[in-house]
>>> print(open('work22.cif').read())   # mmCIF, C-alpha atoms and all ligand atoms
data_model
#
loop_
_atom_site.group_PDB
_atom_site.id
_atom_site.type_symbol
_atom_site.label_atom_id
_atom_site.label_comp_id
_atom_site.auth_asym_id
_atom_site.auth_seq_id
_atom_site.Cartn_x
_atom_site.Cartn_y
_atom_site.Cartn_z
ATOM 1 C CA MET A 188 9.990 -5.066 9.821
ATOM 2 C CA LEU A 189 9.537 -8.542 8.404
ATOM 3 C CA ASP A 190 12.496 -9.756 6.380
ATOM 4 C CA LEU A 191 11.847 -12.952 4.428
ATOM 5 C CA LYS A 192 14.647 -12.581 1.899
ATOM 6 C CA ASN A 193 15.589 -16.029 0.573
ATOM 7 C CA LYS A 194 13.044 -17.688 2.852
ATOM 8 C CA VAL A 195 10.974 -20.441 1.269
ATOM 9 C CA VAL A 196 7.372 -20.127 2.411
ATOM 10 C CA VAL A 197 5.048 -23.073 1.763
ATOM 11 C CA ILE A 198 1.345 -22.269 1.995
ATOM 12 C CA THR A 199 -1.419 -24.878 1.728
ATOM 13 C CA GLY A 200 -4.896 -23.860 0.617
ATOM 14 C CA ALA A 201 -3.111 -21.008 -1.125
ATOM 15 C CA GLY A 202 -5.746 -20.645 -3.833
ATOM 16 C CA GLY A 203 -8.369 -19.752 -1.214
ATOM 17 C CA VAL A 204 -9.502 -16.351 -0.051
ATOM 18 C CA ILE A 205 -7.529 -16.063 3.200
ATOM 19 C CA CYS A 206 -4.307 -17.769 2.128
ATOM 20 C CA SER A 207 -4.077 -16.102 -1.272
ATOM 21 C CA GLY A 208 -4.208 -12.786 0.596
ATOM 22 C CA ILE A 209 -1.568 -13.935 3.075
ATOM 23 C CA ALA A 210 0.613 -15.185 0.186
ATOM 24 C CA GLU A 211 0.414 -11.901 -1.712
ATOM 25 C CA ASN A 212 1.226 -9.969 1.440
ATOM 26 C CA LEU A 213 4.275 -12.133 2.273
ATOM 27 C CA ALA A 214 5.547 -11.909 -1.301
ATOM 28 C CA GLN A 215 6.229 -8.201 -0.673
ATOM 29 C CA TYR A 216 8.870 -9.177 1.885
ATOM 30 C CA ASN A 217 10.957 -10.975 -0.737
ATOM 31 C CA ALA A 218 9.929 -14.504 0.237
ATOM 32 C CA LYS A 219 9.876 -17.350 -2.256
ATOM 33 C CA ILE A 220 6.243 -18.365 -2.131
ATOM 34 C CA CYS A 221 5.124 -21.944 -2.848
ATOM 35 C CA LEU A 222 1.374 -22.096 -3.330
ATOM 36 C CA LEU A 223 -0.115 -25.548 -2.712
ATOM 37 C CA ASP A 224 -3.753 -26.262 -3.450
ATOM 38 C CA LEU A 225 -6.017 -29.046 -4.627
ATOM 39 C CA ASN A 226 -7.283 -26.443 -7.066
ATOM 40 C CA TYR A 227 -4.146 -25.836 -9.130
ATOM 41 C CA ASP A 228 -5.747 -23.147 -11.310
ATOM 42 C CA ALA A 229 -6.719 -21.057 -8.286
ATOM 43 C CA ALA A 230 -3.188 -21.317 -6.844
ATOM 44 C CA ASN A 231 -1.649 -20.579 -10.225
ATOM 45 C CA GLU A 232 -3.700 -17.381 -10.600
ATOM 46 C CA VAL A 233 -2.242 -16.196 -7.291
ATOM 47 C CA ALA A 234 1.276 -17.140 -8.420
ATOM 48 C CA GLU A 235 0.803 -15.202 -11.665
ATOM 49 C CA ARG A 236 -0.396 -12.113 -9.753
ATOM 50 C CA ILE A 237 2.582 -12.282 -7.382
ATOM 51 C CA ASN A 238 5.094 -12.730 -10.215
ATOM 52 C CA ALA A 239 3.477 -9.921 -12.235
ATOM 53 C CA ASN A 240 3.992 -7.636 -9.232
ATOM 54 C CA GLY A 241 7.706 -8.438 -9.013
ATOM 55 C CA GLY A 242 7.475 -11.232 -6.432
ATOM 56 C CA MET A 243 8.622 -14.832 -6.663
ATOM 57 C CA ALA A 244 5.990 -17.581 -6.562
ATOM 58 C CA LYS A 245 5.018 -20.925 -8.018
ATOM 59 C CA ALA A 246 1.859 -23.024 -7.768
ATOM 60 C CA TYR A 247 1.847 -26.760 -7.045
ATOM 61 C CA LYS A 248 -1.121 -29.096 -7.197
ATOM 62 C CA ALA A 249 -1.261 -30.870 -3.847
ATOM 63 C CA ASN A 250 -3.770 -32.664 -1.700
ATOM 64 C CA VAL A 251 -2.922 -32.103 1.971
ATOM 65 C CA LEU A 252 -4.369 -35.536 2.726
ATOM 66 C CA GLU A 253 -1.923 -37.431 0.501
ATOM 67 C CA LYS A 254 1.475 -37.730 2.126
ATOM 68 C CA ASP A 255 3.124 -39.238 -0.981
ATOM 69 C CA THR A 256 1.976 -36.316 -3.122
ATOM 70 C CA LEU A 257 3.239 -33.857 -0.520
ATOM 71 C CA ILE A 258 6.648 -35.523 -0.535
ATOM 72 C CA LYS A 259 6.801 -35.259 -4.337
ATOM 73 C CA VAL A 260 5.795 -31.593 -4.162
ATOM 74 C CA LYS A 261 8.507 -31.035 -1.556
ATOM 75 C CA GLU A 262 11.087 -32.498 -3.938
ATOM 76 C CA SER A 263 9.915 -30.123 -6.680
ATOM 77 C CA ILE A 264 10.133 -27.193 -4.257
ATOM 78 C CA HIS A 265 13.694 -28.200 -3.319
ATOM 79 C CA ALA A 266 14.625 -28.101 -6.997
ATOM 80 C CA ASP A 267 12.790 -24.807 -7.648
ATOM 81 C CA PHE A 268 13.604 -22.775 -4.537
ATOM 82 C CA GLY A 269 15.346 -24.844 -1.819
ATOM 83 C CA THR A 270 14.164 -26.220 1.523
ATOM 84 C CA CYS A 271 11.138 -24.911 3.430
ATOM 85 C CA ASP A 272 11.644 -22.248 6.128
ATOM 86 C CA ILE A 273 8.045 -21.360 6.875
ATOM 87 C CA LEU A 274 4.936 -23.519 6.600
ATOM 88 C CA ILE A 275 1.450 -22.053 6.672
ATOM 89 C CA ASN A 276 -1.200 -24.742 7.073
ATOM 90 C CA GLY A 277 -4.116 -22.950 5.462
ATOM 91 C CA ALA A 278 -6.132 -25.699 3.766
ATOM 92 C CA GLY A 279 -9.285 -26.343 5.757
ATOM 93 C CA GLY A 280 -12.976 -25.740 5.922
ATOM 94 C CA ASN A 281 -16.408 -27.101 6.672
ATOM 95 C CA ASN A 282 -18.699 -29.305 4.591
ATOM 96 C CA LYS A 283 -22.485 -29.252 4.137
ATOM 97 C CA ARG A 284 -22.738 -32.955 5.038
ATOM 98 C CA ALA A 285 -21.382 -32.121 8.493
ATOM 99 C CA THR A 286 -23.754 -29.190 9.079
ATOM 100 C CA THR A 287 -27.156 -29.346 10.782
ATOM 101 C CA ASN A 288 -30.123 -27.236 9.775
ATOM 102 C CA ASN A 289 -31.259 -26.518 13.315
ATOM 103 C CA GLU A 290 -29.230 -24.777 15.995
ATOM 104 C CA VAL A 291 -30.611 -26.708 18.946
ATOM 105 C CA PHE A 292 -32.757 -29.770 19.391
ATOM 106 C CA SER A 293 -36.437 -29.401 18.565
ATOM 107 C CA ASN A 294 -39.186 -32.011 18.282
ATOM 108 C CA ASP A 295 -40.325 -30.264 15.101
ATOM 109 C CA THR A 296 -37.062 -30.986 13.314
ATOM 110 C CA PHE A 297 -36.289 -34.374 14.904
ATOM 111 C CA LEU A 298 -34.447 -36.494 12.298
ATOM 112 C CA LYS A 299 -34.796 -33.742 9.662
ATOM 113 C CA ASP A 300 -31.275 -32.467 8.897
ATOM 114 C CA ASP A 301 -30.564 -32.418 12.642
ATOM 115 C CA PHE A 302 -27.711 -33.790 14.748
ATOM 116 C CA PHE A 303 -28.990 -37.359 14.300
ATOM 117 C CA SER A 304 -28.967 -36.966 10.503
ATOM 118 C CA LEU A 305 -25.355 -35.791 10.238
ATOM 119 C CA ASN A 306 -23.468 -37.796 7.655
ATOM 120 C CA GLU A 307 -20.624 -39.876 9.067
ATOM 121 C CA ASP A 308 -18.531 -39.485 5.908
ATOM 122 C CA GLY A 309 -19.074 -35.726 6.011
ATOM 123 C CA VAL A 310 -17.908 -35.567 9.624
ATOM 124 C CA ARG A 311 -14.851 -37.676 8.774
ATOM 125 C CA PHE A 312 -14.126 -35.467 5.738
ATOM 126 C CA VAL A 313 -14.110 -32.322 7.891
ATOM 127 C CA PHE A 314 -11.920 -33.858 10.602
ATOM 128 C CA ASP A 315 -9.496 -35.193 8.019
ATOM 129 C CA LEU A 316 -9.282 -31.985 6.003
ATOM 130 C CA ASN A 317 -8.644 -29.758 9.008
ATOM 131 C CA PHE A 318 -6.620 -31.966 11.354
ATOM 132 C CA LEU A 319 -4.870 -34.514 9.144
ATOM 133 C CA GLY A 320 -4.540 -31.782 6.506
ATOM 134 C CA THR A 321 -2.375 -29.871 8.995
ATOM 135 C CA PHE A 322 -0.662 -32.925 10.486
ATOM 136 C CA LEU A 323 0.639 -34.415 7.214
ATOM 137 C CA PRO A 324 2.125 -31.225 5.666
ATOM 138 C CA THR A 325 3.788 -30.544 9.027
ATOM 139 C CA GLN A 326 5.344 -34.023 9.025
ATOM 140 C CA VAL A 327 6.592 -33.503 5.488
ATOM 141 C CA PHE A 328 7.791 -29.881 5.541
ATOM 142 C CA ALA A 329 9.001 -29.469 9.148
ATOM 143 C CA GLN A 330 11.742 -32.001 8.318
ATOM 144 C CA ASP A 331 13.258 -29.308 6.114
ATOM 145 C CA MET A 332 13.502 -26.988 9.119
ATOM 146 C CA ILE A 333 15.631 -29.267 11.285
ATOM 147 C CA GLY A 334 19.100 -27.796 11.757
ATOM 148 C CA LYS A 335 18.166 -24.366 10.345
ATOM 149 C CA THR A 336 17.368 -21.095 12.134
ATOM 150 C CA GLY A 337 14.456 -18.703 11.754
ATOM 151 C CA CYS A 338 11.922 -21.402 10.872
ATOM 152 C CA SER A 339 8.307 -21.414 11.961
ATOM 153 C CA ILE A 340 4.907 -22.923 11.351
ATOM 154 C CA LEU A 341 1.597 -21.069 11.327
ATOM 155 C CA ASN A 342 -1.681 -22.964 11.669
ATOM 156 C CA ILE A 343 -5.153 -21.615 11.069
ATOM 157 C CA SER A 344 -7.545 -22.329 13.892
ATOM 158 C CA SER A 345 -10.862 -20.525 14.262
ATOM 159 C CA MET A 346 -13.157 -18.701 16.656
ATOM 160 C CA ASN A 347 -15.181 -21.920 16.924
ATOM 161 C CA ALA A 348 -12.196 -23.606 18.599
ATOM 162 C CA PHE A 349 -12.745 -21.552 21.797
ATOM 163 C CA THR A 350 -16.514 -22.038 21.936
ATOM 164 C CA PRO A 351 -18.244 -24.264 19.380
ATOM 165 C CA LEU A 352 -20.618 -22.631 16.945
ATOM 166 C CA THR A 353 -24.069 -24.115 16.450
ATOM 167 C CA LYS A 354 -24.678 -26.284 13.352
ATOM 168 C CA ILE A 355 -21.042 -27.218 12.701
ATOM 169 C CA PRO A 356 -19.889 -29.631 15.399
ATOM 170 C CA ALA A 357 -17.261 -31.382 13.273
ATOM 171 C CA TYR A 358 -15.657 -28.171 12.029
ATOM 172 C CA SER A 359 -15.614 -26.684 15.544
ATOM 173 C CA GLY A 360 -14.132 -29.882 16.992
ATOM 174 C CA ALA A 361 -11.522 -30.115 14.251
ATOM 175 C CA LYS A 362 -10.423 -26.507 14.782
ATOM 176 C CA ALA A 363 -10.219 -27.098 18.561
ATOM 177 C CA ALA A 364 -7.879 -29.948 17.636
ATOM 178 C CA ILE A 365 -5.789 -27.498 15.576
ATOM 179 C CA SER A 366 -5.366 -25.160 18.563
ATOM 180 C CA ASN A 367 -4.392 -28.127 20.720
ATOM 181 C CA PHE A 368 -2.009 -29.475 18.061
ATOM 182 C CA THR A 369 -0.387 -26.035 17.763
ATOM 183 C CA GLU A 370 0.504 -26.203 21.462
ATOM 184 C CA TYR A 371 1.751 -29.772 21.102
ATOM 185 C CA LEU A 372 3.973 -28.856 18.146
ATOM 186 C CA ALA A 373 5.312 -25.727 19.874
ATOM 187 C CA THR A 374 6.436 -27.901 22.764
ATOM 188 C CA TYR A 375 7.777 -30.694 20.585
ATOM 189 C CA PHE A 376 9.758 -28.466 18.255
ATOM 190 C CA ALA A 377 11.097 -25.951 20.808
ATOM 191 C CA PRO A 378 14.452 -27.796 21.082
ATOM 192 C CA ALA A 379 14.721 -27.599 17.282
ATOM 193 C CA ASN A 380 14.103 -23.810 17.388
ATOM 194 C CA ILE A 381 10.969 -24.128 15.296
ATOM 195 C CA ARG A 382 8.237 -21.838 16.588
ATOM 196 C CA VAL A 383 4.632 -22.942 16.050
ATOM 197 C CA ASN A 384 1.689 -20.567 16.415
ATOM 198 C CA ALA A 385 -1.832 -20.127 15.108
ATOM 199 C CA ILE A 386 -4.294 -17.426 14.227
ATOM 200 C CA ALA A 387 -7.963 -17.879 15.064
ATOM 201 C CA PRO A 388 -9.920 -15.761 12.596
ATOM 202 C CA GLY A 389 -13.440 -14.701 13.489
ATOM 203 C CA PHE A 390 -15.778 -14.240 10.556
ATOM 204 C CA PHE A 391 -14.459 -13.507 7.091
ATOM 205 C CA VAL A 392 -16.673 -14.117 4.065
ATOM 206 C CA THR A 393 -15.023 -16.760 1.905
ATOM 207 C CA LYS A 394 -15.997 -19.641 -0.411
ATOM 208 C CA GLN A 395 -16.339 -22.187 2.371
ATOM 209 C CA ASN A 396 -18.825 -20.240 4.547
ATOM 210 C CA LYS A 397 -20.728 -18.180 1.950
ATOM 211 C CA ASP A 398 -23.689 -20.564 1.924
ATOM 212 C CA LEU A 399 -24.144 -20.243 5.680
ATOM 213 C CA LEU A 400 -23.851 -16.462 5.651
ATOM 214 C CA PHE A 401 -25.849 -15.449 2.570
ATOM 215 C CA ASP A 402 -28.921 -16.907 0.857
ATOM 216 C CA LYS A 403 -29.078 -17.616 -2.885
ATOM 217 C CA ASP A 404 -30.151 -13.999 -3.550
ATOM 218 C CA ASN A 405 -27.098 -12.808 -1.602
ATOM 219 C CA ASN A 406 -29.153 -11.504 1.321
ATOM 220 C CA PRO A 407 -27.671 -11.985 4.821
ATOM 221 C CA THR A 408 -29.056 -15.089 6.551
ATOM 222 C CA PRO A 409 -30.413 -14.920 10.123
ATOM 223 C CA ARG A 410 -27.041 -16.489 11.137
ATOM 224 C CA THR A 411 -25.198 -13.494 9.670
ATOM 225 C CA LYS A 412 -27.336 -11.143 11.757
ATOM 226 C CA LYS A 413 -26.529 -13.151 14.901
ATOM 227 C CA ILE A 414 -22.808 -13.130 14.095
ATOM 228 C CA LEU A 415 -22.686 -9.401 13.549
ATOM 229 C CA ASN A 416 -24.688 -8.778 16.745
ATOM 230 C CA ALA A 417 -22.147 -10.911 18.628
ATOM 231 C CA THR A 418 -19.166 -9.092 17.105
ATOM 232 C CA PRO A 419 -18.544 -5.858 19.058
ATOM 233 C CA MET A 420 -17.063 -4.258 15.933
ATOM 234 C CA GLY A 421 -20.313 -5.121 14.122
ATOM 235 C CA ARG A 422 -18.831 -6.293 10.826
ATOM 236 C CA PHE A 423 -17.001 -9.119 9.075
ATOM 237 C CA GLY A 424 -13.211 -9.069 8.987
ATOM 238 C CA LYS A 425 -11.219 -8.146 5.895
ATOM 239 C CA VAL A 426 -8.433 -10.521 4.876
ATOM 240 C CA GLU A 427 -5.834 -7.754 5.129
ATOM 241 C CA GLU A 428 -6.733 -7.402 8.819
ATOM 242 C CA LEU A 429 -5.009 -10.768 9.393
ATOM 243 C CA PHE A 430 -1.672 -9.606 8.031
ATOM 244 C CA GLY A 431 -0.415 -7.737 11.123
ATOM 245 C CA ALA A 432 -0.650 -10.827 13.339
ATOM 246 C CA VAL A 433 0.674 -13.137 10.618
ATOM 247 C CA ASN A 434 3.683 -10.897 9.982
ATOM 248 C CA LEU A 435 4.439 -10.677 13.690
ATOM 249 C CA LEU A 436 4.201 -14.446 14.252
ATOM 250 C CA LEU A 437 6.449 -15.179 11.268
ATOM 251 C CA SER A 438 9.084 -12.628 12.227
ATOM 252 C CA SER A 439 11.991 -14.563 13.718
ATOM 253 C CA GLU A 440 13.271 -11.373 15.382
ATOM 254 C CA ASP A 441 10.113 -9.732 16.732
ATOM 255 C CA ALA A 442 8.472 -13.024 17.747
ATOM 256 C CA SER A 443 11.598 -14.914 18.793
ATOM 257 C CA PHE A 444 10.044 -15.908 22.182
ATOM 258 C CA ILE A 445 6.487 -16.429 20.923
ATOM 259 C CA THR A 446 5.486 -20.040 20.417
ATOM 260 C CA GLY A 447 2.329 -22.024 21.126
ATOM 261 C CA VAL A 448 -0.085 -19.084 20.982
ATOM 262 C CA VAL A 449 -3.429 -18.927 19.205
ATOM 263 C CA ILE A 450 -4.276 -15.300 18.414
ATOM 264 C CA PRO A 451 -7.945 -14.393 17.941
ATOM 265 C CA ILE A 452 -8.537 -11.914 15.112
ATOM 266 C CA ASP A 453 -12.244 -11.450 15.420
ATOM 267 C CA GLY A 454 -13.435 -7.889 16.038
ATOM 268 C CA GLY A 455 -14.011 -8.812 19.697
ATOM 269 C CA PHE A 456 -16.294 -11.851 19.099
ATOM 270 C CA ASN A 457 -14.399 -14.005 21.601
ATOM 271 C CA ALA A 458 -14.351 -11.302 24.263
ATOM 272 C CA TYR A 459 -18.091 -10.566 24.201
ATOM 273 C CA SER A 460 -20.401 -12.614 26.405
ATOM 274 C CA GLY A 461 -23.472 -11.451 24.516
ATOM 275 C CA VAL A 462 -24.685 -9.327 27.443
HETATM 276 P P1 LIG B 501 -11.358 -21.043 1.046
HETATM 277 O O1 LIG B 501 -12.417 -22.061 0.795
HETATM 278 O O2 LIG B 501 -11.430 -19.732 0.340
HETATM 279 O O3 LIG B 501 -9.920 -21.687 0.819
HETATM 280 C C1 LIG B 501 -9.591 -23.006 1.127
HETATM 281 C C2 LIG B 501 -8.632 -23.507 0.060
HETATM 282 O O4 LIG B 501 -8.175 -24.804 0.454
HETATM 283 C C3 LIG B 501 -9.275 -23.666 -1.328
HETATM 284 O O5 LIG B 501 -8.499 -23.016 -2.314
HETATM 285 C C4 LIG B 501 -9.315 -25.172 -1.547
HETATM 286 O O6 LIG B 501 -9.156 -25.556 -2.911
HETATM 287 C C5 LIG B 501 -8.137 -25.636 -0.708
HETATM 288 N N1 LIG B 501 -8.268 -27.039 -0.323
HETATM 289 C C6 LIG B 501 -9.393 -27.684 0.092
HETATM 290 N N2 LIG B 501 -9.122 -28.973 0.314
HETATM 291 C C7 LIG B 501 -7.809 -29.147 0.062
HETATM 292 C C8 LIG B 501 -6.937 -30.278 0.107
HETATM 293 N N3 LIG B 501 -7.386 -31.480 0.476
HETATM 294 N N4 LIG B 501 -5.639 -30.106 -0.229
HETATM 295 C C9 LIG B 501 -5.165 -28.890 -0.623
HETATM 296 N N5 LIG B 501 -5.955 -27.789 -0.697
HETATM 297 C C10 LIG B 501 -7.255 -27.923 -0.355
HETATM 298 O O7 LIG B 501 -11.414 -20.844 2.617
HETATM 299 P P2 LIG B 501 -10.768 -19.756 3.578
HETATM 300 O O8 LIG B 501 -11.910 -19.187 4.363
HETATM 301 O O9 LIG B 501 -9.835 -18.854 2.875
HETATM 302 O O10 LIG B 501 -10.022 -20.743 4.580
HETATM 303 C C11 LIG B 501 -8.633 -20.722 4.861
HETATM 304 C C12 LIG B 501 -8.446 -21.281 6.256
HETATM 305 O O11 LIG B 501 -8.985 -20.366 7.212
HETATM 306 C C13 LIG B 501 -9.158 -22.618 6.511
HETATM 307 O O12 LIG B 501 -8.357 -23.432 7.329
HETATM 308 C C14 LIG B 501 -10.390 -22.201 7.267
HETATM 309 O O13 LIG B 501 -10.898 -23.261 8.039
HETATM 310 C C15 LIG B 501 -9.838 -21.067 8.096
HETATM 311 N N6 LIG B 501 -10.809 -20.127 8.670
HETATM 312 C C16 LIG B 501 -11.642 -19.395 7.878
HETATM 313 C C17 LIG B 501 -12.521 -18.492 8.470
HETATM 314 C C18 LIG B 501 -13.462 -17.642 7.663
HETATM 315 O O14 LIG B 501 -14.240 -16.880 8.251
HETATM 316 N N7 LIG B 501 -13.415 -17.703 6.347
HETATM 317 C C19 LIG B 501 -12.558 -18.338 9.857
HETATM 318 C C20 LIG B 501 -11.693 -19.095 10.626
HETATM 319 C C21 LIG B 501 -10.813 -19.976 10.027
#
>>> encode(input="work22.cif", output="structure tokens", more="lines below")
Ligand code: NAD
Amino acid sequence: MLDLKNKVVVITGAGGVICSGIAENLAQYNAKICLLDLNYDAANEVAERINANGGMAKAYKANVLEKDTLIKVKESIHADFGTCDILINGAGGNNKRATTNNEVFSNDTFLKDDFFSLNEDGVRFVFDLNFLGTFLPTQVFAQDMIGKTGCSILNISSMNAFTPLTKIPAYSGAKAAISNFTEYLATYFAPANIRVNAIAPGFFVTKQNKDLLFDKDNNPTPRTKKILNATPMGRFGKVEELFGAVNLLLSSEDASFITGVVIPIDGGFNAYSGV
């Protein structure tokens, strides 16, 4: 049973679909939940829901790419709740400018929204958001964990970190970097008793991938059909299906010897060769 009484949990991207769900779930275990998001209103809605249900939460406007802002937010959190015990690096996502139209090279689409047309700024945006957006909050909030017990960090990798998905080379590469960074941090922080793990969700319909999965009339795209055919369970995941693994990884008792793992939560996508 997860016990987060008096634990300060900092979650980035907490206004989004996956992390708002994770935040609401963790609030039930008596944690003090700090919801960081670029979109303050979205994070604040989650905070209001948690508080209305008897939990303890507060929203903070924060850009995970601005270290100075993160340090200021940390100071506010210290005043509101105390130092951080658990950090969930949830902010992340893809961007249209870093997405090709075709899956593989074709003469018919040469230089038309293909690999050669990918926008350099878009690629940089995606790498920054996912990698630096995990690196900087870790630098800022893991300092709070030094000298304490029961602290851990949870990163969000992705299925595309194991095998890249077509169309989204920057996002796949950036998530591979998150899995790699998770292992680096687990090693680095082991002497400080800070465990670092990651979940690698398969396919969950959220704001950042809706355009790839459904057309403007909300019909499944051909990509959705391919995804579901490649998922042995034949469906998208539901956010609540992440909670079991998240709760385990954050439990300082049940997961006391678990660090540096990346757990796929994907309905079997990663296990299936397609044949
Ligand atoms: P989402 O778009 O619903 O949520 C992302 C949140 O991050 C948004 O609230 C957004 O405002 C916030 N954000 C964006 N840039 C930010 C910044 N610079 N600073 C602070 N906050 C910022 O997406 P989601 O699907 O819930 O994604 C959560 C995490 O899960 C991401 O890291 C994503 O890459 C990962 N993931 C999602 C899926 C999926 O199928 N949806 C699969 C694997 C991994």
>>> resolve_selection(input="work22.cif", expression="the PyMOL selection byres (((chain A and resi 271) around 7) and not hetatm)", output="PyMOL selection string")
chain A and resi 195-197+269-270+272-273+328+331-332
>>> resolve_selection(input="work22.cif", expression="the PyMOL selection byres (((not hetatm)) within 6 of (chain B and resi 501))", output="number ranges by chain")
A: 199-206, 224-226, 249-252, 277-280, 316, 343-345, 387-395
>>> atom_distance(input="work22.cif", atom1="CA of Ala417 (chain A)", atom2="CA of Ile450 (chain A)")
18.4 Å
>>> resolve_selection(input="work22.cif", expression="the PyMOL selection byres (((chain A and resi 353-361) around 7) and not hetatm)", output="number ranges by chain")
A: 281, 285-290, 310, 313-314, 317-318, 347-348, 351-352, 362-365
>>> residues_around(input="work22.cif", residues="Ile209 (chain A)", least_positions_apart="6", cutoff="8 Å", atoms="only C-alpha atoms", output="list in words")
Val426, Glu427, Leu429, Phe430 and Val433 of chain A
>>> write_last_selection(input="work22.cif", atoms="C-alpha atoms", output="mmCIF file, in the coordinates of the input")
data_model
loop_
_atom_site.group_PDB
_atom_site.id
_atom_site.type_symbol
_atom_site.label_atom_id
_atom_site.label_comp_id
_atom_site.auth_asym_id
_atom_site.auth_seq_id
_atom_site.Cartn_x
_atom_site.Cartn_y
_atom_site.Cartn_z
ATOM 1 C CA VAL A 426 -8.433 -10.521 4.876
ATOM 2 C CA GLU A 427 -5.834 -7.754 5.129
ATOM 3 C CA LEU A 429 -5.009 -10.768 9.393
ATOM 4 C CA PHE A 430 -1.672 -9.606 8.031
ATOM 5 C CA VAL A 433 0.674 -13.137 10.618
#
>>> residues_around(input="work22.cif", residues="Asp267 (chain A)", least_positions_apart="4", cutoff="9 Å", atoms="only C-alpha atoms", output="ChimeraX atom specification")
/A:245,262-263
>>> write_last_selection(input="work22.cif", atoms="C-alpha atoms", output="PDB file, keeping the file's coordinate frame")
ATOM      1  CA  LYS A 245       5.018 -20.925  -8.018  1.00  0.00           C
ATOM      2  CA  GLU A 262      11.087 -32.498  -3.938  1.00  0.00           C
ATOM      3  CA  SER A 263       9.915 -30.123  -6.680  1.00  0.00           C
TER       4      SER A 263
END
>>> atom_distance(input="work22.cif", atom1="CA of Thr374 (chain A)", atom2="CA of Gln330 (chain A)")
15.9 Å
